[in-house]
$ cat query.txt   # compact mmCIF, C-alpha atoms
# COMPACT_ATOMS: atom_id res chain seq x y z
CA MET U 1 62.48 -189.03 -81.91
CA HIS U 2 60.77 -192.40 -81.86
CA GLN U 3 59.23 -193.57 -85.12
CA GLY U 4 56.57 -195.64 -83.46
CA SER U 5 57.00 -197.60 -80.32
CA HIS U 6 59.60 -200.33 -80.10
CA ARG U 7 56.95 -202.23 -78.12
CA ASP U 8 54.76 -202.84 -81.18
CA HIS U 9 56.01 -206.14 -82.61
CA GLU U 10 55.01 -209.53 -81.22
CA GLY U 11 58.29 -210.45 -79.48
CA ALA U 12 58.50 -207.05 -77.76
CA LYS U 13 54.86 -207.25 -76.64
CA LYS U 14 55.53 -210.60 -75.01
CA LEU U 15 58.74 -209.38 -73.36
CA PHE U 16 57.04 -206.30 -71.87
CA ALA U 17 54.08 -208.41 -70.70
CA MET U 18 56.51 -210.78 -68.95
CA ILE U 19 58.16 -207.96 -66.94
CA LYS U 20 55.05 -205.91 -66.21
CA ASP U 21 54.31 -207.50 -62.84
CA VAL U 22 57.89 -208.18 -61.74
CA LYS U 23 58.49 -205.77 -58.87
CA VAL U 24 62.30 -205.83 -58.73
CA ALA U 25 64.83 -205.78 -61.56
CA MET U 26 68.56 -206.26 -61.13
CA MET U 27 70.35 -203.36 -62.85
CA THR U 28 73.94 -203.95 -63.95
CA THR U 29 76.33 -201.08 -64.62
CA ALA U 30 80.12 -200.74 -64.88
CA ASP U 31 81.93 -199.08 -61.96
CA SER U 32 84.94 -196.75 -62.33
CA ASP U 33 87.29 -199.76 -62.62
CA GLY U 34 85.17 -201.34 -65.37
CA GLN U 35 83.88 -204.05 -63.02
CA LEU U 36 80.23 -204.99 -63.41
CA ARG U 37 77.94 -204.23 -60.47
CA SER U 38 74.33 -205.26 -60.04
CA ARG U 39 71.77 -203.99 -57.59
CA PRO U 40 68.03 -204.42 -57.08
CA MET U 41 65.85 -201.61 -58.42
CA TRP U 42 62.11 -201.19 -57.85
CA ASN U 43 60.43 -201.64 -61.23
CA GLN U 44 58.04 -198.99 -62.60
CA ASP U 45 55.73 -199.65 -65.55
CA ALA U 46 57.26 -199.14 -68.98
CA ASP U 47 56.03 -195.97 -70.66
CA GLU U 48 54.25 -195.73 -74.02
CA ASN U 49 57.63 -195.77 -75.83
CA GLY U 50 58.83 -198.83 -73.96
CA ASP U 51 61.33 -196.91 -71.82
CA LEU U 52 61.84 -198.38 -68.35
CA TRP U 53 61.97 -196.14 -65.27
CA PHE U 54 63.53 -196.43 -61.80
CA PHE U 55 63.81 -194.01 -58.88
CA VAL U 56 67.30 -193.20 -57.58
CA LYS U 57 69.11 -190.74 -55.34
CA GLN U 58 71.17 -188.36 -57.49
CA ASP U 59 74.37 -189.11 -55.57
CA ALA U 60 73.95 -192.92 -55.54
CA PRO U 61 76.82 -194.96 -57.03
CA VAL U 62 74.51 -196.24 -59.79
CA ALA U 63 73.80 -192.64 -60.90
CA ASN U 64 77.53 -191.88 -61.03
CA GLU U 65 78.21 -195.09 -62.98
CA ILE U 66 75.53 -194.21 -65.54
CA GLY U 67 77.15 -190.77 -65.87
CA ARG U 68 80.42 -192.47 -66.91
CA ASP U 69 79.00 -195.31 -69.01
CA ASN U 70 75.31 -195.32 -69.83
CA GLN U 71 75.12 -198.91 -71.11
CA VAL U 72 73.10 -201.01 -68.63
CA ASN U 73 71.52 -204.42 -68.37
CA LEU U 74 68.30 -205.26 -66.54
CA SER U 75 67.48 -208.78 -65.38
CA TYR U 76 63.95 -209.80 -64.45
CA SER U 77 63.04 -213.08 -62.81
CA ASP U 78 59.64 -214.51 -61.94
CA PRO U 79 60.34 -218.07 -60.76
CA SER U 80 56.67 -218.67 -59.89
CA SER U 81 55.77 -218.46 -63.58
CA GLN U 82 59.18 -219.58 -64.89
CA ASN U 83 59.66 -216.30 -66.80
CA TYR U 84 63.12 -214.78 -67.17
CA VAL U 85 64.01 -211.63 -69.11
CA SER U 86 67.20 -209.71 -69.86
CA VAL U 87 67.09 -206.20 -71.36
CA SER U 88 70.08 -204.11 -72.41
CA GLY U 89 69.98 -200.45 -73.33
CA LYS U 90 71.17 -196.95 -72.64
CA ALA U 91 70.34 -195.18 -69.37
CA GLU U 92 70.11 -191.55 -68.40
CA ILE U 93 69.43 -189.67 -65.19
CA VAL U 94 66.24 -187.59 -65.35
CA ARG U 95 65.63 -184.83 -62.81
CA ASP U 96 62.43 -183.49 -64.35
CA LYS U 97 59.91 -182.74 -61.59
CA ALA U 98 56.91 -183.55 -63.82
CA HIS U 99 58.24 -187.06 -64.50
CA ILE U 100 59.02 -187.58 -60.81
CA ASP U 101 55.50 -186.45 -59.84
CA ALA U 102 53.87 -188.67 -62.48
CA LYS U 103 55.75 -191.81 -61.46
CA TRP U 104 55.78 -191.29 -57.68
CA SER U 105 53.89 -193.62 -55.34
CA GLU U 106 53.76 -193.35 -51.56
CA SER U 107 55.39 -196.78 -51.17
CA LEU U 108 58.63 -195.18 -52.43
CA LYS U 109 58.91 -193.31 -49.11
CA THR U 110 60.57 -196.46 -47.79
CA TRP U 111 63.67 -195.53 -49.82
CA PHE U 112 63.04 -191.80 -50.10
CA PRO U 113 61.75 -190.66 -46.68
CA GLY U 114 61.82 -187.00 -47.79
CA GLY U 115 59.17 -187.79 -50.41
CA LYS U 116 59.02 -186.77 -54.03
CA ASP U 117 60.00 -183.17 -53.22
CA ASP U 118 63.37 -184.24 -51.79
CA PRO U 119 65.97 -182.55 -54.04
CA SER U 120 68.06 -185.74 -54.14
CA VAL U 121 65.28 -187.73 -55.88
CA ALA U 122 65.85 -188.47 -59.57
CA LEU U 123 64.83 -191.08 -62.11
CA ILE U 124 66.78 -193.46 -64.29
CA ARG U 125 65.28 -193.88 -67.75
CA VAL U 126 66.46 -196.94 -69.65
CA HIS U 127 65.87 -196.93 -73.38
CA PRO U 128 65.90 -200.66 -74.29
CA GLU U 129 67.86 -201.74 -77.34
CA LYS U 130 67.86 -205.54 -77.07
CA GLY U 131 66.07 -208.07 -74.98
CA GLU U 132 65.91 -211.78 -74.50
CA TYR U 133 63.38 -213.92 -72.72
CA TRP U 134 62.99 -217.48 -71.56
CA ASP U 135 59.42 -218.65 -71.07
CA SER U 136 59.00 -222.12 -69.56
CA PRO U 137 55.85 -224.07 -68.79
CA ASN U 138 54.74 -222.85 -65.39
CA SER U 139 52.57 -225.51 -63.82
CA THR U 140 53.96 -228.07 -61.40
CA MET U 141 52.43 -230.88 -63.46
CA LEU U 142 54.15 -229.64 -66.62
CA HIS U 143 57.47 -229.44 -64.78
CA LEU U 144 57.01 -232.94 -63.40
CA TYR U 145 56.08 -234.20 -66.88
CA GLY U 146 59.16 -232.45 -68.34
CA TYR U 147 61.42 -234.02 -65.71
CA VAL U 148 60.04 -237.51 -66.34
CA LYS U 149 60.23 -237.03 -70.13
CA ALA U 150 63.85 -235.86 -69.84
CA ALA U 151 64.74 -238.85 -67.69
CA VAL U 152 63.12 -241.32 -70.09
CA THR U 153 63.96 -239.80 -73.48
CA GLY U 154 67.04 -237.70 -72.73
CA GLU U 155 65.27 -234.62 -74.17
CA SER U 156 65.06 -231.52 -72.03
CA PRO U 157 61.70 -229.75 -71.53
CA LYS U 158 60.78 -227.13 -74.11
CA THR U 159 61.54 -223.55 -73.10
CA GLU U 160 60.72 -220.70 -75.45
CA LYS U 161 63.85 -218.56 -75.81
CA LYS U 162 63.79 -215.53 -78.03
CA ALA U 163 66.06 -212.57 -78.71
CA VAL U 164 64.12 -209.37 -79.35
CA ASP U 165 65.29 -206.18 -81.07
CA LEU U 166 63.88 -203.32 -78.99
CA GLY U 167 65.65 -200.48 -80.83
CA ALA U 168 63.51 -197.63 -82.14
CA ARG U 169 61.88 -198.52 -85.41

$ encode --input "query.txt" --output "structure tokens"
Amino acid sequence: MHQGSHRDHEGAKKLFAMIKDVKVAMMTTADSDGQLRSRPMWNQDADENGDLWFFVKQDAPVANEIGRDNQVNLSYSDPSSQNYVSVSGKAEIVRDKAHIDAKWSESLKTWFPGGKDDPSVALIRVHPEKGEYWDSPNSTMLHLYGYVKAAVTGESPKTEKKAVDLGAR
């Protein structure tokens, strides 16, 4: 049971704000040989507890990999705003119809032509434990200024990098 949301402290709020509008996350799991595999997953909004959700087919390799080893990593990238986020946590497959109904949008029919009532549709819930973000200045002028400053002074532009504990509090 959560004792308050792990989204409540300042670093976590910033991290979740940075990934809110990123449409695709790269999810990394370990396959049966222990090799890391990454694949694009359509991002859903984080829930009130900060858990991250993704639709999946129950028999997809990613679902089988989570069944063997539930530790995953999610990578988010928004080059237009120079925001980059990495989140690690534990994943589980959720087959609850109420959750599927609540999170379903018609655009998902691209990947799930049978719709939300297709028996192969499931969800992956990722409970974040740790995160890290890199937040760089995002305007072209600031980048140009940073490049010139680095060339003249030898100092690289300032990027905010922060590790964030997302475990339940």

$ atom_distance --input "query.txt" --atom1 "atom CA of Pro128 of chain U" --atom2 "atom CA of Lys109 of chain U"
27.1 Å

$ residues_around --input "query.txt" --residues "Val24 of chain U" --least-positions-apart "6" --cutoff "10 Å" --atoms "only C-alpha atoms" --output "list of chain:residue names"
U:Arg39, U:Pro40, U:Met41, U:Trp42, U:Asn43, U:Gln44, U:Phe54, U:Leu74, U:Ser75, U:Tyr76, U:Ser77, U:Asp78

$ atom_distance --input "query.txt" --atom1 "atom CA of Val85 of chain U" --atom2 "atom CA of Arg68 of chain U"
25.3 Å

$ residues_around --input "query.txt" --residues "segment 110-114 of chain U" --least-positions-apart "4" --cutoff "10 Å" --atoms "only C-alpha atoms" --output "PyMOL selection string"
chain U and resi 42+55-57+106+118-121

$ closest_residue --input "query.txt" --among "U:Leu36, U:Asp45, U:Asp69, U:Lys90" --to "Ala102 of chain U" --atoms "only C-alpha atoms"
U:Asp45

$ closest_residue --input "query.txt" --among "U:Gly167, U:Gly34, U:Gly67, U:Gly11" --to "Glu92 of chain U" --atoms "only C-alpha atoms"
U:Gly67

$ closest_residue --input "query.txt" --among "U:Val126, U:Ser107, U:Pro79, U:Gln58" --to "Thr28 of chain U" --atoms "all atoms listed in the file"
U:Val126

$ residues_around --input "query.txt" --residues "Asp165 of chain U" --least-positions-apart "5" --cutoff "8 Å" --atoms "all atoms listed in the file" --output "mmCIF file with C-alpha atoms, in the coordinates of the input"
data_model
loop_
_atom_site.group_PDB
_atom_site.id
_atom_site.type_symbol
_atom_site.label_atom_id
_atom_site.label_comp_id
_atom_site.auth_asym_id
_atom_site.auth_seq_id
_atom_site.Cartn_x
_atom_site.Cartn_y
_atom_site.Cartn_z
ATOM 1 C CA ALA U 12 58.500 -207.050 -77.760
ATOM 2 C CA GLU U 129 67.860 -201.740 -77.340
ATOM 3 C CA LYS U 130 67.860 -205.540 -77.070
ATOM 4 C CA GLY U 131 66.070 -208.070 -74.980
#

$ axis_aligned_box --input "query.txt" --around "segment 120-126 of chain U" --padding-each-side "6 Å" --output "AutoDock Vina command-line options"
--center_x 66.4 --center_y -191.3 --center_z -61.9 --size_x 15.2 --size_y 23.2 --size_z 27.5

$ closest_residue --input "query.txt" --among "U:Arg95, U:Asp117, U:His127, U:Asp101" --to "Gln71 of chain U" --atoms "only C-alpha atoms"
U:His127

$ atom_distance --input "query.txt" --atom1 "atom CA of Ala163 of chain U" --atom2 "atom CA of Ala91 of chain U"
20.2 Å

$ closest_residue --input "query.txt" --among "U:Ala122, U:Ala17, U:Leu166, U:Ser80" --to "Ala98 of chain U" --atoms "all atoms listed in the file"
U:Ala122

$ closest_residue --input "query.txt" --among "U:Asn73, U:Ala25, U:Ser88, U:Lys13" --to "Asn49 of chain U" --atoms "only C-alpha atoms"
U:Lys13
